[in-house]
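Peer 1: Quick one: structure below, then a few questions.
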Amino acid sequence: MDLGEWGLVVVDLQRYYVDPTASFVTFFESIHPGASHYVSQRCHEVVVPRLRKVVQRTRELGRPVIYLRLCGTLEDRTDLHRHFLKCYREALEAGFPALYPLAGEPLAEVLSEVAPVAGDHVLDKTTYSGFTSSRIESLLRELKLERLVMTGLATSQCVETTARDASDRGFGIVHLEDCQADYHEVSHRASLFASRSVCGGHVWSSQEFLEAL
């Protein structure tokens with residue numbers, strides 16, 4: 001398949017999702033023990049090592065790398081999607097502050113192993129889809145991209161929602177299965193299956209993608 005003018009999108013691969021000291025992890029572990037185990041393990045053992053190779057090759061080819069980060073920009077987090085705001089307030093009441101960090105805080109940063117470098121694009125969002133609350137669409141148009149290679153967290157949530165919105169706007173979609181993670185394997189696989197049929201996208205492994213380049 002000819003990828004045409006493509007760019008790599010890394011969705012919400014941020015410290016607060018997997019840092020064992022982050023309120024996001026400790027709060028959900030307190031109400032659902034083991035809630036973060038699968039996603040954290042998959043990130044460290046599968047997603048990060050493979051995505052690192054993809055990011056490196058993307059930069060070598062001079063293709064754009066676009067990072068989306070989910071974080072608040074207002075102290076009270078009222079700019080967040082209503083679901084994120086509800087969880088933030090519940091966590092705050094239970095004694096877990098900053099469930100979703102503010103944009104300038106360390107836990108909002110992308111994991112260091114695949115962190116942005118000069119020349120990459122970093123956009124903050126407050127909703128599931130990057131198209132709803134960031135300037136990603138105008139950026140993609142400026143870059144004259146035709147296809148997006150989707151990676152990051154969580155497969156069935158922000159990755160899928162962003163991919164569906166991108167498809168509606170005319171962008172082709174390629175999902176890299178082993179460069180994404182969800183909170184359960186079943187939701188990860190179900191999301192990719194649904195996205196393939198609804199978005200008309202392609203689901204590849206990182207190795208298949210690198211070989212296609």
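Simple scheme: letters A, B, ... for chains in structure tokens order, numbers from 1 for residues in each chain, numbers from 1 for ligands in the order shown.
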Compile the contact shell of segment 94-100 of chain A as a PDB file with N, CA and C atoms, in the first residue's frame: residues with an atom at most 7 Å away, counting only C-alpha atoms, same-chain residues fewer than 2 positions apart removed.

Peer 2:
ATOM      1  N   SER A  23      -1.653  10.139  40.844  1.00  0.00           N
ATOM      2  CA  SER A  23      -3.020   9.998  41.358  1.00  0.00           C
ATOM      3  C   SER A  23      -3.895   9.197  40.411  1.00  0.00           C
ATOM      4  N   PHE A  24      -3.656   9.304  39.113  1.00  0.00           N
ATOM      5  CA  PHE A  24      -4.452   8.555  38.134  1.00  0.00           C
ATOM      6  C   PHE A  24      -4.343   7.064  38.406  1.00  0.00           C
ATOM      7  N   PHE A  27      -5.536   6.277  42.454  1.00  0.00           N
ATOM      8  CA  PHE A  27      -6.975   6.396  42.682  1.00  0.00           C
ATOM      9  C   PHE A  27      -7.719   5.196  42.104  1.00  0.00           C
ATOM     10  N   CYS A  71      -4.649  16.764  29.112  1.00  0.00           N
ATOM     11  CA  CYS A  71      -4.347  17.423  30.381  1.00  0.00           C
ATOM     12  C   CYS A  71      -5.233  18.660  30.518  1.00  0.00           C
ATOM     13  N   GLY A  72      -5.345  19.136  31.747  1.00  0.00           N
ATOM     14  CA  GLY A  72      -6.134  20.330  32.001  1.00  0.00           C
ATOM     15  C   GLY A  72      -5.340  21.589  31.702  1.00  0.00           C
ATOM     16  N   TYR A  88     -12.162  13.442  37.929  1.00  0.00           N
ATOM     17  CA  TYR A  88     -11.241  14.333  38.637  1.00  0.00           C
ATOM     18  C   TYR A  88     -11.829  14.750  39.978  1.00  0.00           C
ATOM     19  N   GLU A  90     -14.255  13.268  41.736  1.00  0.00           N
ATOM     20  CA  GLU A  90     -14.396  12.113  42.627  1.00  0.00           C
ATOM     21  C   GLU A  90     -13.058  11.784  43.274  1.00  0.00           C
ATOM     22  N   ALA A  91     -12.001  11.833  42.499  1.00  0.00           N
ATOM     23  CA  ALA A  91     -10.669  11.549  43.032  1.00  0.00           C
ATOM     24  C   ALA A  91     -10.251  12.613  44.046  1.00  0.00           C
ATOM     25  N   LEU A  92     -10.533  13.859  43.740  1.00  0.00           N
ATOM     26  CA  LEU A  92     -10.182  14.955  44.637  1.00  0.00           C
ATOM     27  C   LEU A  92     -10.885  14.791  45.979  1.00  0.00           C
ATOM     28  N   LEU A 102      -2.161  19.344  35.084  1.00  0.00           N
ATOM     29  CA  LEU A 102      -2.196  20.526  34.233  1.00  0.00           C
ATOM     30  C   LEU A 102      -1.092  20.419  33.179  1.00  0.00           C
TER      31      LEU A 102
END

Peer 1: Looking only at the backbone, which of the residues in segment 16-213 of chain A does DSSP tag as alpha helix (DSSP H), as number ranges by chain?

Peer 2: A: 16-18, 23-31, 37-42, 48-60, 82-93, 130-133, 136-142, 160-168, 185-199, 206-212

Peer 1: Using only C-alpha atoms, which residues sit within 10 Å of His121 of chain A once same-chain residues fewer than 5 positions away are excluded, as a VMD selection string?

Peer 2: chain A and resid 9 64 to 68 116 136 139

Peer 1: Just want the 7 Å neighbourhood of segment 174-183 of chain A, counted on only C-alpha atoms, with same-chain residues fewer than 4 positions away dropped. Output as a VMD selection string.

Peer 2: chain A and resid 36 38 to 39 42 to 43 46 to 47 50 to 51 148 to 156 187 to 188 201 to 206

Peer 1: With C-alpha atoms retained, write the just-selected residues as an mmCIF file, in the first residue's frame.

Peer 2:
data_model
loop_
_atom_site.group_PDB
_atom_site.id
_atom_site.type_symbol
_atom_site.label_atom_id
_atom_site.label_comp_id
_atom_site.auth_asym_id
_atom_site.auth_seq_id
_atom_site.Cartn_x
_atom_site.Cartn_y
_atom_site.Cartn_z
ATOM 1 C CA SER A 36 -3.645 -0.325 35.820
ATOM 2 C CA TYR A 38 -2.349 -4.569 32.085
ATOM 3 C CA VAL A 39 -1.930 -1.165 30.488
ATOM 4 C CA ARG A 42 1.949 -3.544 28.002
ATOM 5 C CA CYS A 43 3.281 0.010 27.749
ATOM 6 C CA VAL A 46 5.534 -3.806 24.207
ATOM 7 C CA VAL A 47 4.381 -0.312 23.259
ATOM 8 C CA ARG A 50 8.357 -0.823 19.505
ATOM 9 C CA LEU A 51 7.145 2.722 19.220
ATOM 10 C CA LEU A 148 -2.314 9.108 9.887
ATOM 11 C CA VAL A 149 -0.440 6.288 11.589
ATOM 12 C CA MET A 150 -2.114 5.924 14.992
ATOM 13 C CA THR A 151 -0.356 4.916 18.214
ATOM 14 C CA GLY A 152 -0.743 5.551 21.963
ATOM 15 C CA LEU A 153 -3.337 5.285 24.758
ATOM 16 C CA ALA A 154 -5.977 4.101 25.186
ATOM 17 C CA THR A 155 -6.884 2.107 22.087
ATOM 18 C CA SER A 156 -10.663 2.109 22.626
ATOM 19 C CA SER A 187 -11.154 -3.875 24.600
ATOM 20 C CA HIS A 188 -7.877 -3.285 22.748
ATOM 21 C CA GLY A 201 -8.454 1.710 8.323
ATOM 22 C CA HIS A 202 -5.626 -0.788 8.322
ATOM 23 C CA VAL A 203 -4.238 -2.610 11.359
ATOM 24 C CA TRP A 204 -0.555 -3.492 11.136
ATOM 25 C CA SER A 205 2.179 -4.547 13.508
ATOM 26 C CA SER A 206 5.084 -2.132 13.898
#

Peer 1: Give me the residues near Gln14 of chain A as a PyMOL selection string, where near means some atom within 9 Å (using only C-alpha atoms) and where sequence neighbours in that chain fewer than 5 positions away do not count.

Peer 2: chain A and resi 19+69-70+107-112+153

Peer 1: Write out the residues from the selection above, keeping N, CA and C atoms, as a compact mmCIF listing (two decimals), in the first residue's frame.

Peer 2:
# COMPACT_ATOMS: atom_id res chain seq x y z
N ASP A 19 2.81 5.98 35.77
CA ASP A 19 3.66 6.24 36.94
C ASP A 19 2.93 5.73 38.18
N ARG A 69 -1.62 15.32 23.92
CA ARG A 69 -1.55 15.12 25.37
C ARG A 69 -2.89 15.51 25.99
N LEU A 70 -3.42 14.63 26.81
CA LEU A 70 -4.65 14.91 27.54
C LEU A 70 -4.29 15.51 28.89
N LEU A 107 3.95 15.35 35.29
CA LEU A 107 3.23 14.12 34.98
C LEU A 107 2.44 14.21 33.67
N ALA A 108 2.29 15.40 33.13
CA ALA A 108 1.63 15.56 31.83
C ALA A 108 2.57 15.25 30.68
N GLU A 109 3.86 15.12 30.98
CA GLU A 109 4.86 14.92 29.92
C GLU A 109 4.72 13.54 29.28
N VAL A 110 5.13 13.46 28.03
CA VAL A 110 5.19 12.19 27.30
C VAL A 110 6.30 11.34 27.92
N LEU A 111 6.10 10.02 27.94
CA LEU A 111 7.12 9.12 28.49
C LEU A 111 8.48 9.42 27.85
N SER A 112 9.50 9.46 28.68
CA SER A 112 10.81 9.94 28.24
C SER A 112 11.40 9.12 27.09
N LEU A 153 -2.39 5.73 23.73
CA LEU A 153 -3.34 5.29 24.76
C LEU A 153 -4.63 6.10 24.67

Peer 1: In terms of the shortest atom-to-atom distance over only C-alpha atoms, which of A:Thr161, A:Glu5, A:Pro33, A:Ser197 is closest to Arg147 of chain A?

Peer 2: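 Among the listed residues, A:Glu5 lies closest to Arg147 of chain A.
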
Peer 1: Just the residues within 6 Å of segment 165-172 of chain A, please, counting only C-alpha atoms, with nothing from its chain fewer than 2 positions along; format it as a list in words.

Peer 2: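 Contacts, in chain order: Glu146, Arg147, Thr162, Ala163 and Cys199 of chain A.
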
Peer 1: Atoms to include: N, CA and C atoms. Write the selected residues as an mmCIF file, in the first residue's frame.

Peer 2:
data_model
loop_
_atom_site.group_PDB
_atom_site.id
_atom_site.type_symbol
_atom_site.label_atom_id
_atom_site.label_comp_id
_atom_site.auth_asym_id
_atom_site.auth_seq_id
_atom_site.Cartn_x
_atom_site.Cartn_y
_atom_site.Cartn_z
ATOM 1 N N GLU A 146 -2.123 13.046 4.177
ATOM 2 C CA GLU A 146 -3.240 12.263 3.639
ATOM 3 C C GLU A 146 -3.600 11.092 4.543
ATOM 4 N N ARG A 147 -2.611 10.624 5.323
ATOM 5 C CA ARG A 147 -2.827 9.413 6.127
ATOM 6 C C ARG A 147 -2.168 9.580 7.496
ATOM 7 N N THR A 162 -10.114 9.701 18.096
ATOM 8 C CA THR A 162 -9.353 10.584 17.211
ATOM 9 C C THR A 162 -9.287 10.000 15.801
ATOM 10 N N ALA A 163 -9.085 8.691 15.698
ATOM 11 C CA ALA A 163 -9.008 8.037 14.385
ATOM 12 C C ALA A 163 -10.332 8.144 13.638
ATOM 13 N N CYS A 199 -13.776 2.842 10.170
ATOM 14 C CA CYS A 199 -12.921 3.897 9.619
ATOM 15 C C CYS A 199 -12.347 3.522 8.260
#

Peer 1: Taking into account only C-alpha atoms, which residue in the set A:Ser134, A:Thr26, A:Gln56, A:Thr127 is nearest to His83 of chain A?

Peer 2: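 For His83 of chain A, the nearest of the candidates is A:Thr127.
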
Peer 1: List every residue of segment 23-118 of chain A that DSSP, applied to the backbone, labels as strand (DSSP E or B), and write the result as a short mmCIF file (atom, residue, chain, number, x, y, z; two decimals) with C-alpha atoms, in the first residue's frame.

Peer 2:
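Writing done, so here's selection.cif:
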data_model
loop_
_atom_site.label_atom_id
_atom_site.label_comp_id
_atom_site.auth_asym_id
_atom_site.auth_seq_id
_atom_site.Cartn_x
_atom_site.Cartn_y
_atom_site.Cartn_z
CA VAL A 65 5.57 13.20 14.46
CA ILE A 66 2.51 14.65 16.19
CA TYR A 67 1.93 14.21 19.91
CA LEU A 68 -1.45 14.66 21.59
CA ARG A 69 -1.55 15.12 25.37
CA LEU A 70 -4.65 14.91 27.54
CA GLY A 72 -6.13 20.33 32.00
CA LEU A 102 -2.20 20.53 34.23
CA VAL A 110 5.19 12.19 27.30
#

Peer 1: Interatomic distance between atom CA of His32 of chain A and atom CA of Glu93 of chain A?

Peer 2: 16.8 Å

Peer 1: Please determine, counting only C-alpha atoms, which residue among A:Leu143, A:Cys87, A:Ala35, A:Val10 has the shortest atom-to-atom distance to Val114 of chain A.

Peer 2: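 Result for the nearest residue to Val114 of chain A: A:Val10.
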
Peer 1: With only C-alpha atoms as the counted atoms, please give the residues lying no more than 8 Å from His81 of chain A, apart from itself and same-chain residues fewer than 4 positions off, as a JSON list (two decimals) with C-alpha atoms, in the first residue's frame.

Peer 2:
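So the final result, stored in selection_12.json, reads:
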[["chain", "number", "residue", "atom", "x", "y", "z"],
["A", 85, "LEU", "CA", -14.10, 16.21, 35.07],
["A", 126, "THR", "CA", -9.12, 18.23, 26.96],
["A", 127, "THR", "CA", -11.40, 15.70, 25.25],
["A", 128, "TYR", "CA", -11.22, 12.18, 23.86]]

Peer 1: What does the distance between atom CA of Arg135 of chain A and atom CA of Ala194 of chain A come to in Å, to one decimal place?

Peer 2: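 Between atom CA of Arg135 of chain A and atom CA of Ala194 of chain A the gap is 26.0 Å.
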
Peer 1: For a quick check of understanding, using only C-alpha atoms, which of A:Gly62, A:Val122, A:Val159, A:Val55 has the smallest distance to Ile173 of chain A?

Peer 2: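 Nearest candidate to Ile173 of chain A out of A:Gly62, A:Val122, A:Val159, A:Val55: A:Val159.
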